[in-house]
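Dropping query38.pdb in here (PDB, C-alpha atoms, pLDDT in the B column):
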ATOM      1  CA  ARG Z   1      16.140   9.573 -17.190  1.00 88.00           C
ATOM      2  CA  LEU Z   2      15.723   5.804 -16.982  1.00 88.00           C
ATOM      3  CA  TYR Z   3      18.759   3.509 -16.978  1.00 86.00           C
ATOM      4  CA  HIS Z   4      19.381  -0.227 -17.039  1.00 84.00           C
ATOM      5  CA  VAL Z   5      21.336  -1.518 -14.051  1.00 84.00           C
ATOM      6  CA  ASP Z   6      24.378  -1.766 -16.329  1.00 89.00           C
ATOM      7  CA  GLY Z   7      24.269   2.014 -16.809  1.00 90.00           C
ATOM      8  CA  THR Z   8      22.757   2.006 -20.304  1.00 92.00           C
ATOM      9  CA  LEU Z   9      20.294   4.835 -20.935  1.00 91.00           C
ATOM     10  CA  VAL Z  10      16.783   3.519 -21.733  1.00 88.00           C
ATOM     11  CA  HIS Z  11      14.796   6.766 -22.035  1.00 86.00           C
ATOM     12  CA  ALA Z  12      15.237  10.470 -21.441  1.00 90.00           C
ATOM     13  CA  PHE Z  13      11.746  11.620 -20.509  1.00 91.00           C
ATOM     14  CA  LYS Z  14      11.191  15.094 -21.944  1.00 92.00           C
ATOM     15  CA  GLY Z  15       8.168  17.291 -21.312  1.00 92.00           C
ATOM     16  CA  HIS Z  16       8.583  19.271 -18.104  1.00 93.00           C
ATOM     17  CA  THR Z  17       9.552  22.924 -18.462  1.00 92.00           C
ATOM     18  CA  ASN Z  18      11.302  23.265 -15.107  1.00 93.00           C
ATOM     19  CA  SER Z  19      13.278  21.151 -12.620  1.00 92.00           C
ATOM     20  CA  VAL Z  20      11.871  17.733 -11.642  1.00 93.00           C
ATOM     21  CA  TRP Z  21      11.572  17.421  -7.869  1.00 89.00           C
ATOM     22  CA  SER Z  22      10.368  13.825  -7.394  1.00 92.00           C
ATOM     23  CA  VAL Z  23       9.643  10.561  -9.240  1.00 92.00           C
ATOM     24  CA  ALA Z  24       7.886   7.262  -8.472  1.00 91.00           C
ATOM     25  CA  VAL Z  25       7.217   3.981 -10.283  1.00 89.00           C
ATOM     26  CA  THR Z  26       4.015   1.913 -10.360  1.00 86.00           C
ATOM     27  CA  PRO Z  27       4.120  -1.441  -8.552  1.00 83.00           C
ATOM     28  CA  ASP Z  28       3.993  -3.259 -11.914  1.00 86.00           C
ATOM     29  CA  GLY Z  29       6.906  -1.198 -13.256  1.00 87.00           C
ATOM     30  CA  GLN Z  30       4.986  -0.042 -16.330  1.00 90.00           C
ATOM     31  CA  HIS Z  31       4.604   3.666 -15.530  1.00 91.00           C
ATOM     32  CA  ILE Z  32       6.522   6.520 -13.928  1.00 92.00           C
ATOM     33  CA  ILE Z  33       5.152   9.693 -12.371  1.00 93.00           C
ATOM     34  CA  SER Z  34       7.206  12.861 -12.019  1.00 94.00           C
ATOM     35  CA  GLY Z  35       6.538  16.057 -10.087  1.00 93.00           C
ATOM     36  CA  SER Z  36       8.040  19.334 -11.185  1.00 93.00           C
ATOM     37  CA  PHE Z  37       8.645  22.985 -10.436  1.00 91.00           C
ATOM     38  CA  ASP Z  38       6.577  23.658 -13.583  1.00 91.00           C
ATOM     39  CA  ARG Z  39       3.520  23.017 -11.344  1.00 91.00           C
ATOM     40  CA  THR Z  40       2.562  19.744 -13.008  1.00 91.00           C
ATOM     41  CA  ALA Z  41       2.869  16.008 -12.471  1.00 92.00           C
ATOM     42  CA  LYS Z  42       3.242  13.732 -15.484  1.00 93.00           C
ATOM     43  CA  VAL Z  43       2.605  10.014 -15.951  1.00 93.00           C
ATOM     44  CA  TRP Z  44       4.974   8.327 -18.415  1.00 93.00           C
ATOM     45  CA  SER Z  45       5.094   4.996 -20.212  1.00 92.00           C
ATOM     46  CA  VAL Z  46       8.237   3.107 -19.207  1.00 91.00           C
ATOM     47  CA  LYS Z  47       8.163   1.126 -22.462  1.00 89.00           C
ATOM     48  CA  GLY Z  48       7.636   4.007 -24.873  1.00 87.00           C
ATOM     49  CA  GLY Z  49       8.944   6.965 -22.889  1.00 88.00           C
ATOM     50  CA  GLU Z  50       6.043   9.214 -23.852  1.00 90.00           C
ATOM     51  CA  PRO Z  51       3.829  11.219 -21.447  1.00 91.00           C
ATOM     52  CA  LEU Z  52       0.387   9.640 -21.009  1.00 91.00           C
ATOM     53  CA  LEU Z  53      -1.222  12.104 -18.599  1.00 91.00           C
ATOM     54  CA  THR Z  54      -0.471  15.575 -17.243  1.00 92.00           C
ATOM     55  CA  LEU Z  55      -1.927  16.708 -13.909  1.00 89.00           C
ATOM     56  CA  GLU Z  56      -2.301  20.461 -13.717  1.00 86.00           C
ATOM     57  CA  GLN Z  57      -2.077  22.095 -10.303  1.00 80.00           C
ATOM     58  CA  GLY Z  58      -4.097  25.037 -11.527  1.00 71.00           C
ATOM     59  CA  ASP Z  59      -2.202  27.472  -9.313  1.00 73.00           C
ATOM     60  CA  GLU Z  60       1.316  28.770  -8.781  1.00 76.00           C
ATOM     61  CA  TYR Z  61       2.632  25.988  -6.543  1.00 84.00           C
ATOM     62  CA  ASP Z  62       5.213  23.330  -7.424  1.00 90.00           C
ATOM     63  CA  VAL Z  63       4.584  19.574  -7.204  1.00 92.00           C
ATOM     64  CA  THR Z  64       7.149  18.416  -4.646  1.00 89.00           C
ATOM     65  CA  GLY Z  65       6.172  14.789  -3.918  1.00 92.00           C
ATOM     66  CA  VAL Z  66       4.516  11.983  -5.942  1.00 95.00           C
ATOM     67  CA  ALA Z  67       3.377   8.378  -5.392  1.00 94.00           C
ATOM     68  CA  PHE Z  68       1.078   5.783  -6.980  1.00 91.00           C
ATOM     69  CA  SER Z  69      -1.600   3.812  -5.154  1.00 91.00           C
ATOM     70  CA  PRO Z  70      -0.913   0.046  -5.002  1.00 90.00           C
ATOM     71  CA  ASP Z  71      -3.508  -0.619  -7.736  1.00 87.00           C
ATOM     72  CA  GLY Z  72      -2.183   2.220  -9.915  1.00 85.00           C
ATOM     73  CA  HIS Z  73      -5.612   3.881 -10.198  1.00 87.00           C
ATOM     74  CA  GLN Z  74      -4.832   6.856  -7.987  1.00 90.00           C
ATOM     75  CA  LEU Z  75      -1.977   9.294  -7.629  1.00 92.00           C
ATOM     76  CA  LEU Z  76      -0.756  11.127  -4.572  1.00 93.00           C
ATOM     77  CA  THR Z  77       0.972  14.501  -4.694  1.00 93.00           C
ATOM     78  CA  GLY Z  78       2.415  16.952  -2.223  1.00 90.00           C
ATOM     79  CA  ASP Z  79       2.993  20.580  -3.111  1.00 89.00           C
ATOM     80  CA  GLY Z  80       4.496  23.902  -2.166  1.00 87.00           C
ATOM     81  CA  GLU Z  81       1.144  25.119  -0.819  1.00 87.00           C
ATOM     82  CA  ASN Z  82       1.463  22.516   1.975  1.00 90.00           C
ATOM     83  CA  ARG Z  83      -1.272  20.267   0.533  1.00 89.00           C
ATOM     84  CA  VAL Z  84      -1.619  16.506   0.048  1.00 92.00           C
ATOM     85  CA  LYS Z  85      -3.864  15.609  -2.908  1.00 92.00           C
ATOM     86  CA  LEU Z  86      -5.375  12.424  -4.320  1.00 92.00           C
ATOM     87  CA  TRP Z  87      -5.907  12.249  -8.098  1.00 92.00           C
ATOM     88  CA  ASP Z  88      -7.807   9.858 -10.381  1.00 90.00           C
ATOM     89  CA  THR Z  89      -5.492   8.460 -13.090  1.00 85.00           C
ATOM     90  CA  ARG Z  90      -8.429   7.912 -15.454  1.00 82.00           C
ATOM     91  CA  THR Z  91      -9.651  11.515 -15.433  1.00 84.00           C
ATOM     92  CA  GLY Z  92      -6.588  13.471 -14.293  1.00 85.00           C
ATOM     93  CA  GLU Z  93      -8.783  15.275 -11.776  1.00 88.00           C
ATOM     94  CA  THR Z  94      -8.279  15.868  -8.049  1.00 88.00           C
ATOM     95  CA  HIS Z  95     -10.856  13.942  -6.034  1.00 84.00           C
ATOM     96  CA  ARG Z  96      -9.636  14.665  -2.519  1.00 88.00           C
ATOM     97  CA  VAL Z  97      -7.420  17.083  -0.630  1.00 89.00           C
ATOM     98  CA  LEU Z  98      -6.118  15.564   2.598  1.00 85.00           C
ATOM     99  CA  GLY Z  99      -5.626  18.600   4.803  1.00 78.00           C
ATOM    100  CA  ALA Z 100      -2.282  20.355   4.932  1.00 81.00           C
ATOM    101  CA  HIS Z 101       1.094  20.676   6.617  1.00 90.00           C
ATOM    102  CA  ALA Z 102       2.266  23.917   8.182  1.00 91.00           C
ATOM    103  CA  GLU Z 103       4.910  24.232   5.449  1.00 92.00           C
ATOM    104  CA  ALA Z 104       5.651  22.710   2.025  1.00 90.00           C
ATOM    105  CA  VAL Z 105       5.136  18.952   1.602  1.00 93.00           C
ATOM    106  CA  SER Z 106       8.442  17.442   0.494  1.00 92.00           C
ATOM    107  CA  ALA Z 107       7.717  13.683   0.324  1.00 94.00           C
ATOM    108  CA  VAL Z 108       4.732  11.320   0.068  1.00 95.00           C
ATOM    109  CA  GLY Z 109       4.107   7.560   0.087  1.00 94.00           C
ATOM    110  CA  TRP Z 110       1.293   5.022  -0.042  1.00 92.00           C
ATOM    111  CA  SER Z 111       0.925   1.937   2.174  1.00 91.00           C
ATOM    112  CA  ALA Z 112       0.916  -1.489   0.524  1.00 89.00           C
ATOM    113  CA  ASP Z 113      -2.720  -2.142   1.523  1.00 89.00           C
ATOM    114  CA  GLY Z 114      -3.873   1.218   0.128  1.00 89.00           C
ATOM    115  CA  LYS Z 115      -5.493   2.291   3.406  1.00 90.00           C
ATOM    116  CA  TRP Z 116      -2.942   4.915   4.416  1.00 90.00           C
ATOM    117  CA  VAL Z 117      -0.904   7.621   2.779  1.00 93.00           C
ATOM    118  CA  VAL Z 118       2.066   9.313   4.398  1.00 95.00           C
ATOM    119  CA  SER Z 119       3.431  12.803   3.918  1.00 95.00           C
ATOM    120  CA  GLY Z 120       6.464  14.633   5.243  1.00 95.00           C
ATOM    121  CA  GLY Z 121       7.118  18.344   5.189  1.00 94.00           C
ATOM    122  CA  TRP Z 122       9.373  21.261   5.880  1.00 94.00           C
ATOM    123  CA  ASP Z 123       7.472  21.630   9.164  1.00 95.00           C
ATOM    124  CA  ASP Z 124       9.664  18.700  10.408  1.00 95.00           C
ATOM    125  CA  VAL Z 125       6.729  16.280  10.851  1.00 95.00           C
ATOM    126  CA  LEU Z 126       5.212  13.210   9.219  1.00 96.00           C
ATOM    127  CA  LYS Z 127       1.482  12.719   8.824  1.00 95.00           C
ATOM    128  CA  ILE Z 128      -0.276   9.379   8.316  1.00 94.00           C
ATOM    129  CA  TRP Z 129      -3.637   9.859   6.605  1.00 93.00           C
ATOM    130  CA  ASN Z 130      -6.602   7.482   6.465  1.00 91.00           C
ATOM    131  CA  THR Z 131      -7.602   7.503   2.782  1.00 87.00           C
ATOM    132  CA  GLU Z 132     -11.279   6.892   3.594  1.00 86.00           C
ATOM    133  CA  THR Z 133     -11.867   9.347   6.444  1.00 88.00           C
ATOM    134  CA  GLY Z 134      -9.142  11.895   5.762  1.00 87.00           C
ATOM    135  CA  GLN Z 135      -8.116  11.831   9.425  1.00 89.00           C
ATOM    136  CA  ALA Z 136      -4.410  12.113  10.216  1.00 91.00           C
ATOM    137  CA  ARG Z 137      -1.907  11.220  12.901  1.00 93.00           C
ATOM    138  CA  THR Z 138       1.137  13.443  13.310  1.00 95.00           C
ATOM    139  CA  LEU Z 139       4.547  11.891  14.005  1.00 95.00           C
ATOM    140  CA  ARG Z 140       7.334  13.975  15.496  1.00 95.00           C
ATOM    141  CA  GLY Z 141      10.978  12.992  15.721  1.00 92.00           C
ATOM    142  CA  HIS Z 142      12.976  15.087  13.267  1.00 95.00           C
ATOM    143  CA  THR Z 143      14.318  18.517  14.164  1.00 95.00           C
ATOM    144  CA  ASP Z 144      14.680  20.006  10.671  1.00 95.00           C
ATOM    145  CA  ASP Z 145      13.021  19.853   7.234  1.00 94.00           C
ATOM    146  CA  LEU Z 146      11.927  16.340   6.281  1.00 93.00           C
ATOM    147  CA  SER Z 147      13.392  15.530   2.868  1.00 94.00           C
ATOM    148  CA  VAL Z 148      12.404  11.991   1.868  1.00 95.00           C
ATOM    149  CA  LEU Z 149      10.511   8.901   3.051  1.00 95.00           C
ATOM    150  CA  ALA Z 150      10.066   5.274   1.987  1.00 94.00           C
ATOM    151  CA  LEU Z 151       7.673   2.466   2.978  1.00 93.00           C
ATOM    152  CA  SER Z 152       8.407  -1.244   3.103  1.00 90.00           C
ATOM    153  CA  ALA Z 153       6.698  -3.526   0.590  1.00 86.00           C
ATOM    154  CA  LYS Z 154       4.751  -5.254   3.371  1.00 82.00           C
ATOM    155  CA  GLY Z 155       3.592  -1.926   4.760  1.00 78.00           C
ATOM    156  CA  GLU Z 156       4.861  -2.483   8.291  1.00 85.00           C
ATOM    157  CA  ARG Z 157       7.819  -0.103   8.364  1.00 90.00           C
ATOM    158  CA  MET Z 158       8.525   3.389   7.208  1.00 93.00           C
ATOM    159  CA  VAL Z 159      11.815   5.247   7.068  1.00 95.00           C
ATOM    160  CA  SER Z 160      12.218   8.997   6.838  1.00 96.00           C
ATOM    161  CA  ALA Z 161      15.202  11.310   6.477  1.00 96.00           C
ATOM    162  CA  SER Z 162      15.824  14.950   7.170  1.00 95.00           C
ATOM    163  CA  ASP Z 163      18.081  17.946   6.946  1.00 96.00           C
ATOM    164  CA  ASP Z 164      18.864  17.142  10.602  1.00 96.00           C
ATOM    165  CA  ARG Z 165      21.214  14.419   9.188  1.00 96.00           C
ATOM    166  CA  THR Z 166      19.281  11.512  10.702  1.00 96.00           C
ATOM    167  CA  VAL Z 167      17.231   8.593   9.403  1.00 97.00           C
ATOM    168  CA  SER Z 168      14.203   7.553  11.459  1.00 96.00           C
ATOM    169  CA  VAL Z 169      12.551   4.117  11.422  1.00 96.00           C
ATOM    170  CA  TRP Z 170       8.835   3.983  12.282  1.00 95.00           C
ATOM    171  CA  ASP Z 171       6.175   1.368  12.886  1.00 92.00           C
ATOM    172  CA  LEU Z 172       3.572   2.420  10.341  1.00 88.00           C
ATOM    173  CA  ARG Z 173       0.579   0.950  12.158  1.00 87.00           C
ATOM    174  CA  SER Z 174       1.296   2.296  15.640  1.00 90.00           C
ATOM    175  CA  GLY Z 175       3.208   5.407  14.585  1.00 91.00           C
ATOM    176  CA  LYS Z 176       5.958   4.631  17.094  1.00 94.00           C
ATOM    177  CA  LEU Z 177       9.567   5.616  16.467  1.00 96.00           C
ATOM    178  CA  ARG Z 178      11.675   2.429  16.487  1.00 94.00           C
ATOM    179  CA  GLN Z 179      15.164   3.721  15.627  1.00 95.00           C
ATOM    180  CA  THR Z 180      17.046   6.934  15.020  1.00 96.00           C
ATOM    181  CA  LEU Z 181      20.067   6.314  12.801  1.00 96.00           C
ATOM    182  CA  ARG Z 182      22.905   8.817  13.037  1.00 96.00           C
ATOM    183  CA  GLY Z 183      26.163   9.142  11.148  1.00 95.00           C
ATOM    184  CA  HIS Z 184      25.607  11.433   8.180  1.00 96.00           C
ATOM    185  CA  THR Z 185      27.565  14.662   8.227  1.00 95.00           C
ATOM    186  CA  ALA Z 186      25.193  16.549   5.914  1.00 96.00           C
ATOM    187  CA  ALA Z 187      21.472  16.682   5.132  1.00 96.00           C
ATOM    188  CA  VAL Z 188      20.058  13.326   3.960  1.00 96.00           C
ATOM    189  CA  ILE Z 189      18.531  13.762   0.507  1.00 94.00           C
ATOM    190  CA  SER Z 190      17.804  10.226  -0.741  1.00 94.00           C
ATOM    191  CA  LEU Z 191      16.512   7.036   0.838  1.00 94.00           C
ATOM    192  CA  ALA Z 192      15.381   3.506  -0.061  1.00 94.00           C
ATOM    193  CA  ILE Z 193      14.238   0.456   1.892  1.00 93.00           C
ATOM    194  CA  SER Z 194      14.768  -3.180   0.889  1.00 91.00           C
ATOM    195  CA  PRO Z 195      11.709  -5.247  -0.190  1.00 85.00           C
ATOM    196  CA  ASP Z 196      11.841  -7.291   3.031  1.00 86.00           C
ATOM    197  CA  GLY Z 197      11.983  -4.125   5.181  1.00 87.00           C
ATOM    198  CA  ARG Z 198      15.164  -5.210   6.968  1.00 90.00           C
ATOM    199  CA  ARG Z 199      17.686  -2.843   5.393  1.00 93.00           C
ATOM    200  CA  ALA Z 200      17.833   0.742   4.204  1.00 96.00           C
ATOM    201  CA  VAL Z 201      20.262   2.907   2.277  1.00 96.00           C
ATOM    202  CA  SER Z 202      20.507   6.674   2.653  1.00 97.00           C
ATOM    203  CA  GLY Z 203      22.431   9.293   0.754  1.00 96.00           C
ATOM    204  CA  SER Z 204      23.788  12.728   1.581  1.00 94.00           C
ATOM    205  CA  LYS Z 205      26.419  14.891  -0.071  1.00 89.00           C
ATOM    206  CA  ASN Z 206      29.168  12.534  -1.359  1.00 86.00           C
ATOM    207  CA  GLU Z 207      28.089   9.759   1.031  1.00 93.00           C
ATOM    208  CA  LEU Z 208      25.972   6.591   1.123  1.00 95.00           C
ATOM    209  CA  LYS Z 209      25.178   4.655   4.285  1.00 96.00           C
ATOM    210  CA  PHE Z 210      23.683   1.164   4.610  1.00 96.00           C
ATOM    211  CA  TRP Z 211      21.624   0.318   7.698  1.00 96.00           C
ATOM    212  CA  GLU Z 212      20.281  -2.812   9.381  1.00 94.00           C
ATOM    213  CA  LEU Z 213      16.773  -2.091  10.679  1.00 92.00           C
ATOM    214  CA  LYS Z 214      15.347  -3.446  13.918  1.00 84.00           C
TER     215      LYS Z 214
END
Now, as a test, write the supplied structure out as structure tokens.
Amino acid sequence: RLYHVDGTLVHAFKGHTNSVWSVAVTPDGQHIISGSFDRTAKVWSVKGGEPLLTLEQGDEYDVTGVAFSPDGHQLLTGDGENRVKLWDTRTGETHRVLGAHAEAVSAVGWSADGKWVVSGGWDDVLKIWNTETGQARTLRGHTDDLSVLALSAKGERMVSASDDRTVSVWDLRSGKLRQTLRGHTAAVISLAISPDGRRAVSGSKNELKFWELK
């Protein structure tokens, strides 16, 4: 569902046949992508609320993470078969599979310059992929399933959160861990970073925390 900031319902997007696991919005705010346990991802019009494109996995695995490229021409998905896939929005076809995690991919993101994509999984690690070569760096810091990640608008910082109840702050270019933020008493299940990359908010069961990032 899409709401105005005043709480008014704008659209209830209907079309998936099972639970929706993840959503993302294009940089221009015109489209939404959703990933579902029905093994599809759908692209929706924000203005009209109708589905414009359906991406079919073609197998039995759920779509567990979604993101748009900065130009909106490509889509990124993670799935229950541990894969990270790139899709063409014009054809709805997969044009690259970027390796795999050891367990299900739970979150994905795209850098502001379009050169890197990031994935996090239930194998407790993050991977930063070069979109041209397909090569990856592996970042370790969490000690339990990685649940969610977010990248700053400038593409310099990344934050990730986990069932280990921590939020980690990373330098996206070097891959170095800059901060580990502790204080949640349950698994962290939602996360956002401010446009300037200086603040983050994280959510766990019945709790929100606001953080100043270094």
Neighbours of range 38-45 of chain Z within 6 Å (all atoms listed in the file; same-chain residues fewer than 4 positions away dropped), as a PyMOL selection string? chain Z and resi 17-18+31-34+49-57+61-63
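Near Gly99 in chain Z, within 8 Å and counting only C-alpha atoms, sit Arg83, Val84, Val97, His101 and Gly134 of chain Z; same-chain residues fewer than 2 positions away were not included.
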Written as JSON, numbers by chain, what is the full residue list that the PyMOL selection byres ((chain Z and resi 67-78) around 9) yields on the file shown? {"Z": [23, 24, 25, 26, 27, 28, 31, 32, 33, 34, 35, 41, 62, 63, 64, 65, 66, 79, 80, 81, 82, 83, 84, 85, 86, 87, 88, 89, 90, 104, 105, 106, 107, 108, 109, 110, 111, 112, 113, 114, 117, 119, 120, 121]}
Between CA of Val10 in chain Z and CA of Gly48 in chain Z, measure the distance and give it in Å to one decimal. 9.7 Å
Please identify all polymer residues lying at most 6 Å from the point (18.1, 6.6, 1.3) (file coordinates), using all atoms listed in the file, and present the result as a PyMOL selection string. chain Z and resi 190-192+201-203
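Nearest residue to Gly175 in chain Z among Z:Ala150, Z:Leu208, Z:Met158, Z:Ala100 is Z:Met158, counting all atoms listed in the file.
Using only C-alpha atoms, the shortest contact distance between Trp21 in chain Z and any of Z:Ile189, Z:Lys154, Z:Lys176, Z:Thr131 is found at Z:Ile189.
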Counting only C-alpha atoms, what is within 9 Å of Leu177 in chain Z, bar same-chain residues fewer than 3 positions away, as a CSV table (one decimal) with C-alpha atoms, keeping the file's coordinate frame?
chain,number,residue,atom,x,y,z
Z,139,LEU,CA,4.5,11.9,14.0
Z,140,ARG,CA,7.3,14.0,15.5
Z,141,GLY,CA,11.0,13.0,15.7
Z,168,SER,CA,14.2,7.6,11.5
Z,169,VAL,CA,12.6,4.1,11.4
Z,170,TRP,CA,8.8,4.0,12.3
Z,171,ASP,CA,6.2,1.4,12.9
Z,174,SER,CA,1.3,2.3,15.6
Z,180,THR,CA,17.0,6.9,15.0
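Taking CA of His184 in chain Z and CA of Val118 in chain Z as endpoints, the distance between them is 23.9 Å.
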In Å, rounded to a single decimal, give me how far CA of Leu181 in chain Z is from CA of Val159 in chain Z. 10.1 Å
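Using all atoms listed in the file, the smallest distance between any of Z:Glu132, Z:Val125, Z:Phe37, Z:Lys209 and Arg165 in chain Z comes from Z:Lys209.
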Using all atoms listed in the file, can you tell me which of Z:Ser204, Z:Val188, Z:Lys115, Z:Val20 comes closest to Leu149 in chain Z? Z:Val188
Calculate, to one decimal in Å, the centre and edge lengths of the box along x, y and z of the file that holds all listed atoms of range 97-112 of chain Z with 6 Å of margin on each side, and present them as AutoDock Vina command-line options.
--center_x 0.5 --center_y 11.4 --center_z 3.8 --size_x 27.9 --size_y 37.7 --size_z 20.8
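With the shown file loaded, the PyMOL selection byres ((chain Z and resi 212) around 9) picks out Z:Arg198, Z:Arg199, Z:Ala200, Z:Phe210, Z:Trp211, Z:Leu213, Z:Lys214.
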Limited to C-alpha atoms, could you put the picked residues into a file as a PDB file, in the frame of the given file?
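And here is the file that came out, selection.pdb:
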ATOM      1  CA  ARG Z 198      15.164  -5.210   6.968  1.00 90.00           C
ATOM      2  CA  ARG Z 199      17.686  -2.843   5.393  1.00 93.00           C
ATOM      3  CA  ALA Z 200      17.833   0.742   4.204  1.00 96.00           C
ATOM      4  CA  PHE Z 210      23.683   1.164   4.610  1.00 96.00           C
ATOM      5  CA  TRP Z 211      21.624   0.318   7.698  1.00 96.00           C
ATOM      6  CA  LEU Z 213      16.773  -2.091  10.679  1.00 92.00           C
ATOM      7  CA  LYS Z 214      15.347  -3.446  13.918  1.00 84.00           C
TER       8      LYS Z 214
END
Of the candidates Z:His95, Z:Glu207, Z:His4, Z:His16, which one gets nearest to Val46 in chain Z if we count only C-alpha atoms? Z:His4
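The nearest approach to Asp123 in chain Z among the residues Z:Arg137, Z:His142, Z:Lys205, Z:Arg182, with only C-alpha atoms taken into account, belongs to Z:His142.
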N, CA and C atoms are what I want for range 188-209 of chain Z; can you complete it accordingly and write them as a compact mmCIF listing (two decimals), keeping the file's coordinate frame?
# COMPACT_ATOMS: atom_id res chain seq x y z
N VAL Z 188 20.35 14.56 4.69
CA VAL Z 188 20.06 13.33 3.96
C VAL Z 188 19.04 13.65 2.88
N ILE Z 189 19.37 13.34 1.62
CA ILE Z 189 18.53 13.76 0.51
C ILE Z 189 17.96 12.61 -0.31
N SER Z 190 18.37 11.37 -0.03
CA SER Z 190 17.80 10.23 -0.74
C SER Z 190 17.74 9.03 0.19
N LEU Z 191 16.80 8.11 -0.10
CA LEU Z 191 16.51 7.04 0.84
C LEU Z 191 15.78 5.92 0.11
N ALA Z 192 16.11 4.67 0.46
CA ALA Z 192 15.38 3.51 -0.06
C ALA Z 192 15.39 2.42 1.00
N ILE Z 193 14.36 1.57 0.95
CA ILE Z 193 14.24 0.46 1.89
C ILE Z 193 14.14 -0.84 1.10
N SER Z 194 14.76 -1.90 1.60
CA SER Z 194 14.77 -3.18 0.89
C SER Z 194 13.36 -3.77 0.87
N PRO Z 195 13.05 -4.66 -0.11
CA PRO Z 195 11.71 -5.25 -0.19
C PRO Z 195 11.27 -5.97 1.08
N ASP Z 196 12.21 -6.57 1.81
CA ASP Z 196 11.84 -7.29 3.03
C ASP Z 196 11.77 -6.37 4.25
N GLY Z 197 12.09 -5.09 4.08
CA GLY Z 197 11.98 -4.12 5.18
C GLY Z 197 13.07 -4.24 6.23
N ARG Z 198 14.13 -4.99 5.95
CA ARG Z 198 15.16 -5.21 6.97
C ARG Z 198 16.39 -4.32 6.81
N ARG Z 199 16.52 -3.70 5.65
CA ARG Z 199 17.69 -2.84 5.39
C ARG Z 199 17.25 -1.55 4.71
N ALA Z 200 18.08 -0.53 4.87
CA ALA Z 200 17.83 0.74 4.20
C ALA Z 200 19.15 1.32 3.75
N VAL Z 201 19.09 2.17 2.73
CA VAL Z 201 20.26 2.91 2.28
C VAL Z 201 19.87 4.37 2.20
N SER Z 202 20.77 5.24 2.65
CA SER Z 202 20.51 6.67 2.65
C SER Z 202 21.69 7.41 2.04
N GLY Z 203 21.38 8.54 1.41
CA GLY Z 203 22.43 9.29 0.75
C GLY Z 203 22.42 10.75 1.16
N SER Z 204 23.62 11.29 1.35
CA SER Z 204 23.79 12.73 1.58
C SER Z 204 24.92 13.18 0.67
N LYS Z 205 25.39 14.37 0.81
CA LYS Z 205 26.42 14.89 -0.07
C LYS Z 205 27.66 14.00 -0.04
N ASN Z 206 27.97 13.36 -1.20
CA ASN Z 206 29.17 12.53 -1.36
C ASN Z 206 29.23 11.34 -0.41
N GLU Z 207 28.04 10.83 0.03
CA GLU Z 207 28.09 9.76 1.03
C GLU Z 207 26.84 8.88 0.96
N LEU Z 208 27.04 7.57 0.99
CA LEU Z 208 25.97 6.59 1.12
C LEU Z 208 26.19 5.80 2.40
N LYS Z 209 25.09 5.49 3.09
CA LYS Z 209 25.18 4.66 4.28
C LYS Z 209 24.15 3.53 4.18
